[in-house]
Amino acid sequence: MLSVARALRRRLRDHPHLVALVHERGLTDRMFLPAQRVLAREAHAAGLRGERAAEFVRAVQFQVVGHVLVERNRERAPAQHPAQEELRDAVSAGDDPALARALARPVDTERLFTTAVGALVRALLAPREEHPGADGRPGSR
């Protein structure tokens with residue numbers, strides 16, 4: 001599942017203007033159909049069916065697309081003032097200097113992507129509890 005997400009991310013990053021062009025022409029759903037098919041097969045292989053499989057497919061797809069959009073935005077953004085390094089002191093005031101140092105370093109987008117997708121997939125594959133969720137249905141969240 002992670003390899004599918006990585007491949008989709010790579011394709012979107014390799015063709016940054018494709019998403020906007022496809023969106024303008026009303027073909028976004030069609031563009032993502034091949035990725036959805038692969039994700040659906042992975043969901044089925046993991047034992048998910050119906051609504052849970054659809055939630056899985058959409059959640060992974062949205063995570064990938066959202067991550068790529070944030071990456072592209074950060075790459076195109078002008079230099080930030082104050083810079084991350086300058087903000088470190090404000091964060092360390094929260095009594096966590098290690099956090100401040102870590103946040104002052106450049107973002108490793110590949111590692112962050114892998115961490116986020118991995119956590120998302122694990123959460124989506126975890127057995128659901130059978131108590132009523134926010135909408136009152138058993139096992140819903």
# chains A, B, ... in the order shown; residues from 1 in each chain; ligands from 1
>>> select_by_dssp(residues="region 30-89 of chain A", states="helix (DSSP H, G or I)", output="PyMOL selection string")
chain A and resi 30-45+50-76+84-89
>>> atom_distance(atom1="CA of Leu124 (chain A)", atom2="CA of Arg30 (chain A)")
24.4 Å
>>> closest_residue(among="A:Ala45, A:Val4, A:Ala59, A:Leu69", to="His17 (chain A)", atoms="only C-alpha atoms")
A:Leu69
>>> atom_distance(atom1="CA of Gln63 (chain A)", atom2="CA of Val121 (chain A)")
10.3 Å
>>> closest_residue(among="A:Asp95, A:Glu71, A:Glu55, A:Asp108", to="Ala123 (chain A)", atoms="only C-alpha atoms")
A:Glu55
>>> closest_residue(among="A:Leu48, A:Ala119, A:Ala5, A:Ala54", to="Ala35 (chain A)", atoms="only C-alpha atoms")
A:Ala5
>>> residues_around(residues="Pro16 (chain A)", least_positions_apart="6", cutoff="12 Å", atoms="only C-alpha atoms", output="VMD selection string")
chain A and resid 9 to 10 22 65 68 to 69 71 to 73 75 to 76
>>> atom_distance(atom1="CA of Ala126 (chain A)", atom2="CA of Val60 (chain A)")
14.7 Å
>>> closest_residue(among="A:Val64, A:Ala46, A:Leu33, A:Leu39", to="Leu12 (chain A)", atoms="only C-alpha atoms")
A:Val64
>>> closest_residue(among="A:His23, A:Arg6, A:Arg101, A:Arg58", to="Ala43 (chain A)", atoms="only C-alpha atoms")
A:Arg58
>>> closest_residue(among="A:Val57, A:Leu27, A:Arg122, A:Arg105", to="Ala40 (chain A)", atoms="only C-alpha atoms")
A:Val57
>>> decode(residues="region 17-42 of chain A", atoms="N, CA, C and O atoms", output="PDB file, in the first residue's frame")
ATOM      1  N   HIS A  17       2.025  20.282 -13.192  1.00  0.00           N
ATOM      2  CA  HIS A  17       0.954  21.076 -13.790  1.00  0.00           C
ATOM      3  C   HIS A  17      -0.205  20.212 -14.278  1.00  0.00           C
ATOM      4  O   HIS A  17      -1.267  20.731 -14.618  1.00  0.00           O
ATOM      5  N   LEU A  18      -0.014  18.911 -14.279  1.00  0.00           N
ATOM      6  CA  LEU A  18      -1.043  18.007 -14.769  1.00  0.00           C
ATOM      7  C   LEU A  18      -2.311  18.073 -13.909  1.00  0.00           C
ATOM      8  O   LEU A  18      -3.417  18.100 -14.440  1.00  0.00           O
ATOM      9  N   VAL A  19      -2.148  18.131 -12.599  1.00  0.00           N
ATOM     10  CA  VAL A  19      -3.302  18.141 -11.699  1.00  0.00           C
ATOM     11  C   VAL A  19      -4.190  19.357 -11.988  1.00  0.00           C
ATOM     12  O   VAL A  19      -5.400  19.234 -12.122  1.00  0.00           O
ATOM     13  N   ALA A  20      -3.582  20.529 -12.121  1.00  0.00           N
ATOM     14  CA  ALA A  20      -4.366  21.736 -12.396  1.00  0.00           C
ATOM     15  C   ALA A  20      -5.047  21.651 -13.763  1.00  0.00           C
ATOM     16  O   ALA A  20      -6.219  22.000 -13.898  1.00  0.00           O
ATOM     17  N   LEU A  21      -4.329  21.177 -14.742  1.00  0.00           N
ATOM     18  CA  LEU A  21      -4.887  21.061 -16.090  1.00  0.00           C
ATOM     19  C   LEU A  21      -6.071  20.097 -16.118  1.00  0.00           C
ATOM     20  O   LEU A  21      -7.128  20.405 -16.680  1.00  0.00           O
ATOM     21  N   VAL A  22      -5.902  18.951 -15.479  1.00  0.00           N
ATOM     22  CA  VAL A  22      -6.967  17.948 -15.445  1.00  0.00           C
ATOM     23  C   VAL A  22      -8.170  18.488 -14.673  1.00  0.00           C
ATOM     24  O   VAL A  22      -9.312  18.301 -15.075  1.00  0.00           O
ATOM     25  N   HIS A  23      -7.901  19.177 -13.587  1.00  0.00           N
ATOM     26  CA  HIS A  23      -8.979  19.759 -12.777  1.00  0.00           C
ATOM     27  C   HIS A  23      -9.778  20.771 -13.597  1.00  0.00           C
ATOM     28  O   HIS A  23     -11.015  20.763 -13.572  1.00  0.00           O
ATOM     29  N   GLU A  24      -9.078  21.646 -14.325  1.00  0.00           N
ATOM     30  CA  GLU A  24      -9.750  22.659 -15.140  1.00  0.00           C
ATOM     31  C   GLU A  24     -10.664  22.037 -16.192  1.00  0.00           C
ATOM     32  O   GLU A  24     -11.677  22.619 -16.555  1.00  0.00           O
ATOM     33  N   ARG A  25     -10.324  20.862 -16.651  1.00  0.00           N
ATOM     34  CA  ARG A  25     -11.108  20.194 -17.689  1.00  0.00           C
ATOM     35  C   ARG A  25     -12.143  19.231 -17.121  1.00  0.00           C
ATOM     36  O   ARG A  25     -12.809  18.510 -17.868  1.00  0.00           O
ATOM     37  N   GLY A  26     -12.252  19.180 -15.810  1.00  0.00           N
ATOM     38  CA  GLY A  26     -13.257  18.321 -15.190  1.00  0.00           C
ATOM     39  C   GLY A  26     -12.937  16.837 -15.286  1.00  0.00           C
ATOM     40  O   GLY A  26     -13.845  16.008 -15.306  1.00  0.00           O
ATOM     41  N   LEU A  27     -11.651  16.495 -15.317  1.00  0.00           N
ATOM     42  CA  LEU A  27     -11.240  15.103 -15.485  1.00  0.00           C
ATOM     43  C   LEU A  27     -10.487  14.549 -14.267  1.00  0.00           C
ATOM     44  O   LEU A  27      -9.808  13.524 -14.380  1.00  0.00           O
ATOM     45  N   THR A  28     -10.605  15.196 -13.130  1.00  0.00           N
ATOM     46  CA  THR A  28      -9.858  14.782 -11.946  1.00  0.00           C
ATOM     47  C   THR A  28     -10.188  13.342 -11.551  1.00  0.00           C
ATOM     48  O   THR A  28      -9.282  12.537 -11.311  1.00  0.00           O
ATOM     49  N   ASP A  29     -11.468  13.016 -11.475  1.00  0.00           N
ATOM     50  CA  ASP A  29     -11.847  11.653 -11.083  1.00  0.00           C
ATOM     51  C   ASP A  29     -11.290  10.617 -12.059  1.00  0.00           C
ATOM     52  O   ASP A  29     -10.815   9.560 -11.658  1.00  0.00           O
ATOM     53  N   ARG A  30     -11.344  10.938 -13.334  1.00  0.00           N
ATOM     54  CA  ARG A  30     -10.820  10.017 -14.350  1.00  0.00           C
ATOM     55  C   ARG A  30      -9.309   9.826 -14.173  1.00  0.00           C
ATOM     56  O   ARG A  30      -8.793   8.732 -14.322  1.00  0.00           O
ATOM     57  N   MET A  31      -8.596  10.908 -13.866  1.00  0.00           N
ATOM     58  CA  MET A  31      -7.146  10.816 -13.701  1.00  0.00           C
ATOM     59  C   MET A  31      -6.768   9.883 -12.551  1.00  0.00           C
ATOM     60  O   MET A  31      -5.796   9.145 -12.631  1.00  0.00           O
ATOM     61  N   PHE A  32      -7.559   9.918 -11.486  1.00  0.00           N
ATOM     62  CA  PHE A  32      -7.223   9.117 -10.307  1.00  0.00           C
ATOM     63  C   PHE A  32      -7.813   7.708 -10.335  1.00  0.00           C
ATOM     64  O   PHE A  32      -7.559   6.912  -9.441  1.00  0.00           O
ATOM     65  N   LEU A  33      -8.594   7.401 -11.352  1.00  0.00           N
ATOM     66  CA  LEU A  33      -9.217   6.085 -11.433  1.00  0.00           C
ATOM     67  C   LEU A  33      -8.211   4.929 -11.403  1.00  0.00           C
ATOM     68  O   LEU A  33      -8.412   3.972 -10.653  1.00  0.00           O
ATOM     69  N   PRO A  34      -7.109   4.969 -12.159  1.00  0.00           N
ATOM     70  CA  PRO A  34      -6.145   3.862 -12.069  1.00  0.00           C
ATOM     71  C   PRO A  34      -5.581   3.676 -10.658  1.00  0.00           C
ATOM     72  O   PRO A  34      -5.466   2.543 -10.174  1.00  0.00           O
ATOM     73  N   ALA A  35      -5.268   4.769  -9.987  1.00  0.00           N
ATOM     74  CA  ALA A  35      -4.753   4.660  -8.612  1.00  0.00           C
ATOM     75  C   ALA A  35      -5.830   4.106  -7.688  1.00  0.00           C
ATOM     76  O   ALA A  35      -5.544   3.286  -6.806  1.00  0.00           O
ATOM     77  N   GLN A  36      -7.075   4.526  -7.883  1.00  0.00           N
ATOM     78  CA  GLN A  36      -8.163   4.007  -7.056  1.00  0.00           C
ATOM     79  C   GLN A  36      -8.336   2.510  -7.258  1.00  0.00           C
ATOM     80  O   GLN A  36      -8.583   1.778  -6.293  1.00  0.00           O
ATOM     81  N   ARG A  37      -8.202   2.049  -8.485  1.00  0.00           N
ATOM     82  CA  ARG A  37      -8.321   0.607  -8.740  1.00  0.00           C
ATOM     83  C   ARG A  37      -7.247  -0.173  -8.002  1.00  0.00           C
ATOM     84  O   ARG A  37      -7.533  -1.211  -7.403  1.00  0.00           O
ATOM     85  N   VAL A  38      -6.020   0.314  -8.053  1.00  0.00           N
ATOM     86  CA  VAL A  38      -4.920  -0.371  -7.365  1.00  0.00           C
ATOM     87  C   VAL A  38      -5.141  -0.335  -5.853  1.00  0.00           C
ATOM     88  O   VAL A  38      -4.972  -1.347  -5.170  1.00  0.00           O
ATOM     89  N   LEU A  39      -5.534   0.820  -5.335  1.00  0.00           N
ATOM     90  CA  LEU A  39      -5.800   0.924  -3.894  1.00  0.00           C
ATOM     91  C   LEU A  39      -6.966   0.025  -3.488  1.00  0.00           C
ATOM     92  O   LEU A  39      -6.943  -0.574  -2.404  1.00  0.00           O
ATOM     93  N   ALA A  40      -7.984  -0.088  -4.327  1.00  0.00           N
ATOM     94  CA  ALA A  40      -9.114  -0.974  -4.025  1.00  0.00           C
ATOM     95  C   ALA A  40      -8.645  -2.425  -3.962  1.00  0.00           C
ATOM     96  O   ALA A  40      -9.068  -3.173  -3.071  1.00  0.00           O
ATOM     97  N   ARG A  41      -7.778  -2.830  -4.876  1.00  0.00           N
ATOM     98  CA  ARG A  41      -7.233  -4.200  -4.824  1.00  0.00           C
ATOM     99  C   ARG A  41      -6.457  -4.418  -3.530  1.00  0.00           C
ATOM    100  O   ARG A  41      -6.563  -5.468  -2.904  1.00  0.00           O
ATOM    101  N   GLU A  42      -5.685  -3.418  -3.128  1.00  0.00           N
ATOM    102  CA  GLU A  42      -4.918  -3.523  -1.879  1.00  0.00           C
ATOM    103  C   GLU A  42      -5.865  -3.591  -0.675  1.00  0.00           C
ATOM    104  O   GLU A  42      -5.623  -4.343   0.267  1.00  0.00           O
TER     105      GLU A  42
END
